[in-house]
Structure formats: structure tokens, C-alpha cells
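S.K.: Encoded as C-alpha cells, here's the structure I'll be asking about.
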2 protein chains.
Amino acid sequence: MSLRDEILEQPALLNNLITSRMDFFRSLAAEITRPEAIFIAARGTSDNAARYAKYVWGVKNRIPVALAAPSLFSVYGKPPQLSGMLVVGISQSGESPDLLAVLQEANHQGCTTLAITNQPESPLAAEADYLIDIQMGPERSVAATKTYTGQLAAIAMLSAAWAEEEENAQQLRDIPGMISQVLEQEGHIQGYATRYRYMDQCVVLGRGYNYATAYEWSLKMKELAYVVAQPYSSADFQHGPIALVSSGFPVFAVAPSGQVFKELAQLVSQLKEDHRADIFLITDHTELLKQADCPLLLPGSIPEWLSPLVTIVPAQLFSYHLTIIKGYQPDAPRGLSKITLTR
Amino acid sequence: MSLRDEILEQPALLNNLITSRMDFFRSLAAEITRPEAIFIAARGTSDNAARYAKYVWGVKNRIPVALAAPSLFSVYGKPPQLSGMLVVGISQSGESPDLLAVLQEANHQGCTTLAITNQPESPLAAEADYLIDIQMGPERSVAATKTYTGQLAAIAMLSAAWAEEEENAQQLRDIPGMISQVLEQEGHIQGYATRYRYMDQCVVLGRGYNYATAYEWSLKMKELAYVVAQPYSSADFQHGPIALVSSGFPVFAVAPSGQVFKELAQLVSQLKEDHRADIFLITDHTELLKQADCPLLLPGSIPEWLSPLVTIVPAQLFSYHLTIIKGYQPDAPRGLSKITLTR
């Protein structure tokens, strides 16, 4: 299996997860009753899934979510007092000692713990009170793709189960088909990659649910294509970093319809008109697409809260083709191994 | 007052804050008894101060700290339920509507609220139950410097007051003198800036307490010198972005003595020996400095928890001189204004 194969198999694997396991999530949500607060430990791509959880569990379930600083547990040995929180570890491999340290301490403090992983036999899975096995099959590429969307799906399914709204589950079932529609644009995306053959830096903008997408797209461009890509929420970007944007500066923006769309659309227009930035835009909004140098049209009517499952897929494909066009090896990024052990 | 003046007046202003207001912080800590959890809303430089708070309040006071996603309040209108949390807004100007929305909702939910600001007459200060006026005097430069160290000092003083350890207060009083020692190296720092005349991208590494320093140094290089500078914890860096580092790639590292020193030292050595990176290093460790292309020696025996107040100062001076050598205007960055209003 190559990286491209793992990108392409996402609709089938996600469809299986979403259609076959909703009952499991319902019983999990019945056992872990809606917590007062959630504390998440994660690294790398999984940390971007945690960013998504902060919005989904925040907006749909009104639960405050804190992202752990694992070094408080593993290096400083002075963990915060987490009483009453649900403590969640998210990790593809379930191997990293710093995440394990967070769950061990949480269990020691008597918290409920949950692991979200692709490796049900891992130390993280063994430590947690509850386990969500995302069942995405072995991921051989160093750059995570299908385990990221698998983690997003698991987070969304748990949210839907806590919310007990049938509409949410139905919306989830429509997502794999929408991802398939996006994958059909691969030729299009491959064509765009050529333009960025000599790009060595860029910014990636998203907000709200798709703040996670901006982070994850940036990480893919960094680890695969060695582009210094920087993620920002459209709000944070205006508090300083917008100074970077001179004429021709490459900006990648993720702007599906939804409550943050208007703000992102205004920023994209400002970057195009006032800064003459070069814009790669992912949206379902045909009018805004006219502003883009590289327009990528999403299927219409994706529910905003699930849009990160769809918007990251063209970003993965783009990162893959950018890597090829730059002459690098998408299946063997330099200096990385699949499992990174940090404390 | 120019940006450089504001950098240079930090020891005097911080000395005034630390020596004259410890009693105020003691009575504040007596009124806001140690909370079960803290929720912080901030943007830009103030968000980097919030990153510092996550470590100080976490390690010294064992309080879990969550950084708010302001859009949950201001855009989605679905705020999390924050019962029992202390909700803190950090802002130089106290003007941004999205931060104000977080404090309004927190008050509506019956939480205790605190504003940390340089503008005691601002809307944020008016909304909060409690106010910490950092009293750093008017900051005219668009790039925040003295208000950042003022925010860090306020966060550290509240932590010391909650901890009720006299040693902490004494350690705080030594900090302005250490900053003065670093400022004496300005000629040295100015000399280093020349080397980076044509640098357009880099990474900045820190961990633990100085994760905030990595973020804030990056932000200064971005907003003043238009360098695409990316901050990482040394742990996150190894989960993907290390792939960026080819021979000669510029790495800035903040590695004062303390519990994360060993890990950072190993990473710096690996980046130098295996990746042949170009290293600018801030540390008090003379042996590690030999690995650096640009070594910057800190005063010895800075307590790790207060080191971000000292380590950011050479970084501010470097960013200032880098801006000059690149031919830009440190007092008028393009596309930015002092107060940014986002929702």
C-alpha cells in the first residue's frame, strides 16, 4: 500500500466504520455519560484531530475541552489535578510514552480514560478504561492520512451519540460519498501541484471546525514536500502574521459553507485585492471561487461540523502530488519514522 | 518611544511591577481562591502569554488550564459550560470583541472572571470581576514587547501568590536584573542579525515553560521581519516537521537550564550533527553553546519557571535588528495596526 492508496481507500473504510459501529458508540456514550470537561493528550496528526474535537464536543455537546501539555506529566512530573474530567489519548500507534504518562496519571487520579487508536493491542489501549478502535487497517505510510479521518469520524460519532440526535447520524452516513466525489477531482488537483513546484513557504487558513484542517494540511506539506507551511485561524492571522503576505505570496484557504464562511470569504478577498496573494481555495461557494488562482469545488450541502472529514482529502491529494512534482518520495520522508517516541 | 526603547525599558518597568505590587497579588489570590480549572481567552502575543500560564499554573499550582476557542462564543454562539472555572481574558488593549464575548458569557454563567491588560479603562477590564493592570505604560509600537513580559510577570506573580512560597517572590525580584544583563549583549545580537539578512524561513524550538518563547519569538520575526518562522516544542517537532531540516536550514533554539534542557540539548546536537542545521542558541549552558553557529549566553541560575521573562528579551532584540538589516521599518509593520478587532 502506498500513500496514494491509503488516501483513496478512505471512503470505503469510513463507510464501514460509520455504518457498522454506530451502536457501539451509542453504548459507549451511555457508559461514559457526558463529562463536565475533557482533557486530550495527542501529538502530531492526532493533535490536529484533538483540535477538531475541541470544536465538535464544544459546539455540539457544550463540553469545554483542554489540550494537554504532556510535558507537565512526563518531564516536570507535576500533573494538574483533573478530577471529574474525561481524559482522552489519541494516537495512531498508541506507543508514545508521553501520552501513556498522561493516561496513567489520570487513572491514578481516578479519572475516566479513553483511548482513540488504530492499534487496539497498544500500551495506550491497554491503559485506558475505554477503547475506540478506529479500524482503518494497517497504515504503512509515514504520513498519516486515513487514520486522521478515522479519528475525526470517531470523535464525530461519539459527539452524535452524546447528543442523541438521529439527524447527526444520518449526516455522518452521507460523508463517505462526499469524499468519493472529491477524490474524482484528482486530475485537477495534480494539475494545480505543478504551479507550486518551487514554492518553499506558504500559509494555510481555516477557522472553527476547519482550524484542524489548516493544521493538518500544513503538517502534510511539511512532512512530505518540505514546504514551510504555516496554519492559522483567520482571526489569529489578522493579529500579526498577515504582515507576511506580499504580492504573490501563496495562501491556501479552507472555506466551506457554514458559520465562519463569511469571515474567511472577506479575508480571502482582502488578501487577493489588497495584498495580491496567490490563492488556492477549497470551498463549495462558486462565487468566491472566482477569486482563486486554484479553485477547488467541494460538493454542496456538507454539514459544517463534518466538513473537516471532506476538506482534508483534496489537501492530502494535493500534498501527495506536490511531493511528486518536487521530486521527493511520498512514501519515505527524510528523517521520519512511522512511530515517534517522545517523552 | 520606538520599539527599541520599549524593549530597553523592560527591566525598570518589571522591577516596579514586581516590587510594588506583590501585596496586591496576595490579596487577589486570597479573593480568587485557587480555582479547579482555568479557561483563558487571548489572541496573538497575549495568546503566547496564555501558553506560559498553562505551564506555570499547571506545574506550580497543579491547575488544568484550557485555552479558549473564542469562535465557539462569538461565531458559533454555542459556548461550552464552564461551571466552576476561573475565566481569564488576556489582552494588551482589552478591545477585541471576541475576547469580550468569552468574558460576557462566563459572567452570564456565573463564573469568576479576570482581565489581565495594560488598559484598565478598556471594555475587557470593565467586564471582568477582577482586574490585573500590568502598568507597563503606553505601548506605541505595533509589535508587543513590554506588555508581553508584563503579562508573564502578572501570571507568575498570581502563581506565586496562590503557592504562598516566599522563595517564589524572591526569585521574581531577581528577574529584572537578569534581563538587564541580557540587554548588555545588544552589540553581539546586532552582529548576529547580519548573518540572516536573506533568511526567509526558519523554525524556533522550545519546550515546557519556553514553548511560549518559541511562539513569541516566531511571531516577532513574522510581524516585524516578514520571516516565515515556525514555533515547535522539541517533542512535536520530532513528530513530522523535522523532515524540513536540510543542510543549512536555520534553527533557533531556546534551551535554558531546567527539566527540559536535556531533551533540547539532544535535539540541537542531532540537528547539528545529522542534519547540519544552522543553529542560533539561547542558553546558559556553555558546553552546548559550542554547537551553535550563533551562541547567546544567558546569565546562570535563572529559575526555569521564570526563564521565559529573560529568554524572550534577546529574541526581541534580535527580531528588531533583523528587521533593520533587512531594510524594513520596525515601528511600522505593513498591514498591521496596534489594535486588531476580530470576532
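Ligands are numbered from 1 in the order shown, residues from 1 within each chain, and chains are lettered A, B, ... in the order they appear in the C-alpha cells.
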Check which residues of stretch 167-219 of chain A sit at most 10 Å from stretch 309-322 of chain A using only C-alpha atoms, and return one row each with the closest pair of atoms and their distance in Å to one decimal, ordered by chain and rising number, as a Markdown table.
M.R.:
| residue | atom | partner | partner_atom | distance |
| --- | --- | --- | --- | --- |
| A:Leu172 | CA | A:Leu309 | CA | 9.8 |
| A:Ile175 | CA | A:Val310 | CA | 7.2 |
| A:Pro176 | CA | A:Val310 | CA | 8.2 |
| A:Gly177 | CA | A:Val310 | CA | 9.6 |
| A:Met178 | CA | A:Val310 | CA | 6.8 |
| A:Ile179 | CA | A:Val310 | CA | 5.3 |
| A:Ser180 | CA | A:Val310 | CA | 9.1 |
| A:Gln181 | CA | A:Val310 | CA | 9.5 |
| A:Val182 | CA | A:Pro314 | CA | 6.6 |
| A:Leu183 | CA | A:Pro314 | CA | 7.0 |
| A:Glu184 | CA | A:Pro314 | CA | 9.8 |
| A:Gln185 | CA | A:Pro314 | CA | 8.1 |
| A:Glu186 | CA | A:Leu317 | CA | 7.0 |
| A:Gly187 | CA | A:Leu317 | CA | 9.9 |
| A:His188 | CA | A:Phe318 | CA | 9.6 |
| A:Ile189 | CA | A:Phe318 | CA | 5.8 |
| A:Gln190 | CA | A:His321 | CA | 5.6 |
| A:Gly191 | CA | A:His321 | CA | 8.7 |
| A:Tyr192 | CA | A:Phe318 | CA | 7.9 |
| A:Ala193 | CA | A:Leu322 | CA | 5.0 |
| A:Thr194 | CA | A:Leu322 | CA | 7.2 |
| A:Arg195 | CA | A:Leu322 | CA | 9.1 |
| A:Tyr196 | CA | A:Leu322 | CA | 7.1 |
| A:Arg197 | CA | A:Leu322 | CA | 7.0 |
| A:Tyr198 | CA | A:Leu322 | CA | 9.9 |
| A:Met199 | CA | A:Leu322 | CA | 9.7 |
| A:Asn210 | CA | A:Thr311 | CA | 8.1 |
| A:Ala212 | CA | A:Ile312 | CA | 9.1 |
| A:Thr213 | CA | A:Ile312 | CA | 5.8 |
| A:Ala214 | CA | A:Ile312 | CA | 8.5 |
| A:Glu216 | CA | A:Ile312 | CA | 7.6 |
| A:Trp217 | CA | A:Ala315 | CA | 5.8 |
| A:Ser218 | CA | A:Ser319 | CA | 9.1 |
| A:Leu219 | CA | A:Ser319 | CA | 9.5 |
S.K.: Restricting it to N, CA and C atoms, dump the selection as a compact mmCIF listing (two decimals), in the first residue's frame.
M.R.:
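Result file follows (again-v3.txt):
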# COMPACT_ATOMS: atom_id res chain seq x y z
N LEU A 172 -23.68 11.86 9.14
CA LEU A 172 -22.43 11.11 9.10
C LEU A 172 -22.42 10.09 7.96
N ILE A 175 -21.23 11.22 4.51
CA ILE A 175 -19.87 11.76 4.32
C ILE A 175 -19.00 10.92 3.37
N PRO A 176 -18.96 9.59 3.50
CA PRO A 176 -18.07 8.84 2.60
C PRO A 176 -18.35 9.11 1.11
N GLY A 177 -19.61 9.24 0.76
CA GLY A 177 -19.95 9.55 -0.64
C GLY A 177 -19.42 10.90 -1.07
N MET A 178 -19.45 11.86 -0.15
CA MET A 178 -18.92 13.19 -0.48
C MET A 178 -17.40 13.13 -0.67
N ILE A 179 -16.74 12.31 0.13
CA ILE A 179 -15.28 12.16 -0.04
C ILE A 179 -14.98 11.53 -1.40
N SER A 180 -15.78 10.54 -1.80
CA SER A 180 -15.58 9.92 -3.12
C SER A 180 -15.70 10.97 -4.23
N GLN A 181 -16.67 11.87 -4.09
CA GLN A 181 -16.82 12.92 -5.12
C GLN A 181 -15.57 13.79 -5.22
N VAL A 182 -14.98 14.11 -4.06
CA VAL A 182 -13.78 14.93 -4.07
C VAL A 182 -12.61 14.18 -4.72
N LEU A 183 -12.52 12.88 -4.44
CA LEU A 183 -11.41 12.09 -4.99
C LEU A 183 -11.45 12.06 -6.52
N GLU A 184 -12.65 12.22 -7.08
CA GLU A 184 -12.77 12.23 -8.54
C GLU A 184 -12.06 13.44 -9.18
N GLN A 185 -11.74 14.43 -8.33
CA GLN A 185 -11.06 15.62 -8.87
C GLN A 185 -9.53 15.48 -8.85
N GLU A 186 -9.03 14.26 -8.69
CA GLU A 186 -7.58 14.10 -8.55
C GLU A 186 -6.79 14.69 -9.73
N GLY A 187 -7.29 14.52 -10.94
CA GLY A 187 -6.56 15.03 -12.10
C GLY A 187 -6.38 16.54 -12.03
N HIS A 188 -7.42 17.17 -11.65
CA HIS A 188 -7.50 18.59 -11.39
C HIS A 188 -6.43 19.05 -10.36
N ILE A 189 -6.42 18.34 -9.25
CA ILE A 189 -5.51 18.65 -8.14
C ILE A 189 -4.06 18.44 -8.56
N GLN A 190 -3.83 17.35 -9.29
CA GLN A 190 -2.48 17.06 -9.79
C GLN A 190 -1.99 18.19 -10.70
N GLY A 191 -2.90 18.69 -11.52
CA GLY A 191 -2.55 19.82 -12.39
C GLY A 191 -2.13 21.05 -11.60
N TYR A 192 -2.86 21.35 -10.54
CA TYR A 192 -2.52 22.51 -9.71
C TYR A 192 -1.14 22.39 -9.08
N ALA A 193 -0.75 21.18 -8.72
CA ALA A 193 0.51 21.00 -7.98
C ALA A 193 1.70 21.59 -8.75
N THR A 194 1.65 21.50 -10.09
CA THR A 194 2.75 22.00 -10.92
C THR A 194 3.11 23.45 -10.61
N ARG A 195 2.06 24.24 -10.41
CA ARG A 195 2.24 25.67 -10.13
C ARG A 195 3.14 25.93 -8.92
N TYR A 196 3.15 24.98 -7.99
CA TYR A 196 3.84 25.18 -6.71
C TYR A 196 5.19 24.44 -6.67
N ARG A 197 5.70 24.05 -7.86
CA ARG A 197 6.96 23.31 -7.94
C ARG A 197 8.08 23.97 -7.13
N TYR A 198 8.16 25.28 -7.15
CA TYR A 198 9.25 25.98 -6.46
C TYR A 198 8.79 26.73 -5.22
N MET A 199 7.56 26.50 -4.77
CA MET A 199 7.11 27.11 -3.52
C MET A 199 7.88 26.50 -2.36
N ASN A 210 -12.71 23.85 10.81
CA ASN A 210 -11.63 23.64 9.86
C ASN A 210 -10.31 24.29 10.25
N ALA A 212 -8.62 22.76 12.40
CA ALA A 212 -7.91 21.48 12.37
C ALA A 212 -7.39 21.17 10.96
N THR A 213 -8.21 21.46 9.94
CA THR A 213 -7.81 21.18 8.55
C THR A 213 -6.59 22.02 8.16
N ALA A 214 -6.60 23.29 8.59
CA ALA A 214 -5.44 24.15 8.29
C ALA A 214 -4.17 23.55 8.90
N GLU A 216 -3.62 20.35 9.74
CA GLU A 216 -3.27 19.05 9.18
C GLU A 216 -2.74 19.20 7.74
N TRP A 217 -3.31 20.10 6.97
CA TRP A 217 -2.80 20.34 5.61
C TRP A 217 -1.35 20.87 5.70
N SER A 218 -1.13 21.80 6.62
CA SER A 218 0.23 22.32 6.82
C SER A 218 1.20 21.19 7.17
N LEU A 219 0.77 20.33 8.08
CA LEU A 219 1.68 19.25 8.50
C LEU A 219 2.00 18.32 7.32
S.K.: Residues of stretch 153-343 of chain A classed as strand (DSSP E or B) by DSSP on the backbone are to be reported as a PyMOL selection string.
M.R.: chain A and resi 201-206+228-233+250-254+278-283+294-297
S.K.: Would you mind listing what lies within 9 Å of stretch 104-118 of chain A as JSON, numbers by chain, with only C-alpha atoms counted and same-chain residues fewer than 4 positions away left out?
M.R.: {"A": [32, 73, 79, 81, 82, 83, 84, 85, 86, 87, 88, 89, 90, 91, 92, 93, 94, 99, 100, 122, 124, 125, 126, 127, 128, 129, 130, 131, 132, 133, 134, 135, 136, 137, 138, 139, 147, 150, 151, 154, 155]}
S.K.: Using only C-alpha atoms, which chain B residues lie at most 8 Å away from chain A, written as a ChimeraX atom specification?
M.R.: /B:36,43-44,54-55,58-67,69,71-72,75-76,78-82,201,208,219,222-224,226-228,230,235-236,238-244,259-260,333-336,340,342-343
S.K.: May I ask for the distance between atom CA of B:Gly248 and atom CA of B:Val204, given in Å to one decimal place?
M.R.: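 About the pair atom CA of B:Gly248 and atom CA of B:Val204: they are 14.5 Å apart.
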S.K.: Select, from A:Val268, A:Ala30, A:Leu298, A:Leu14, the residue with the minimum atom-to-atom distance to A:Asp284, counting only C-alpha atoms.
M.R.: A:Leu298
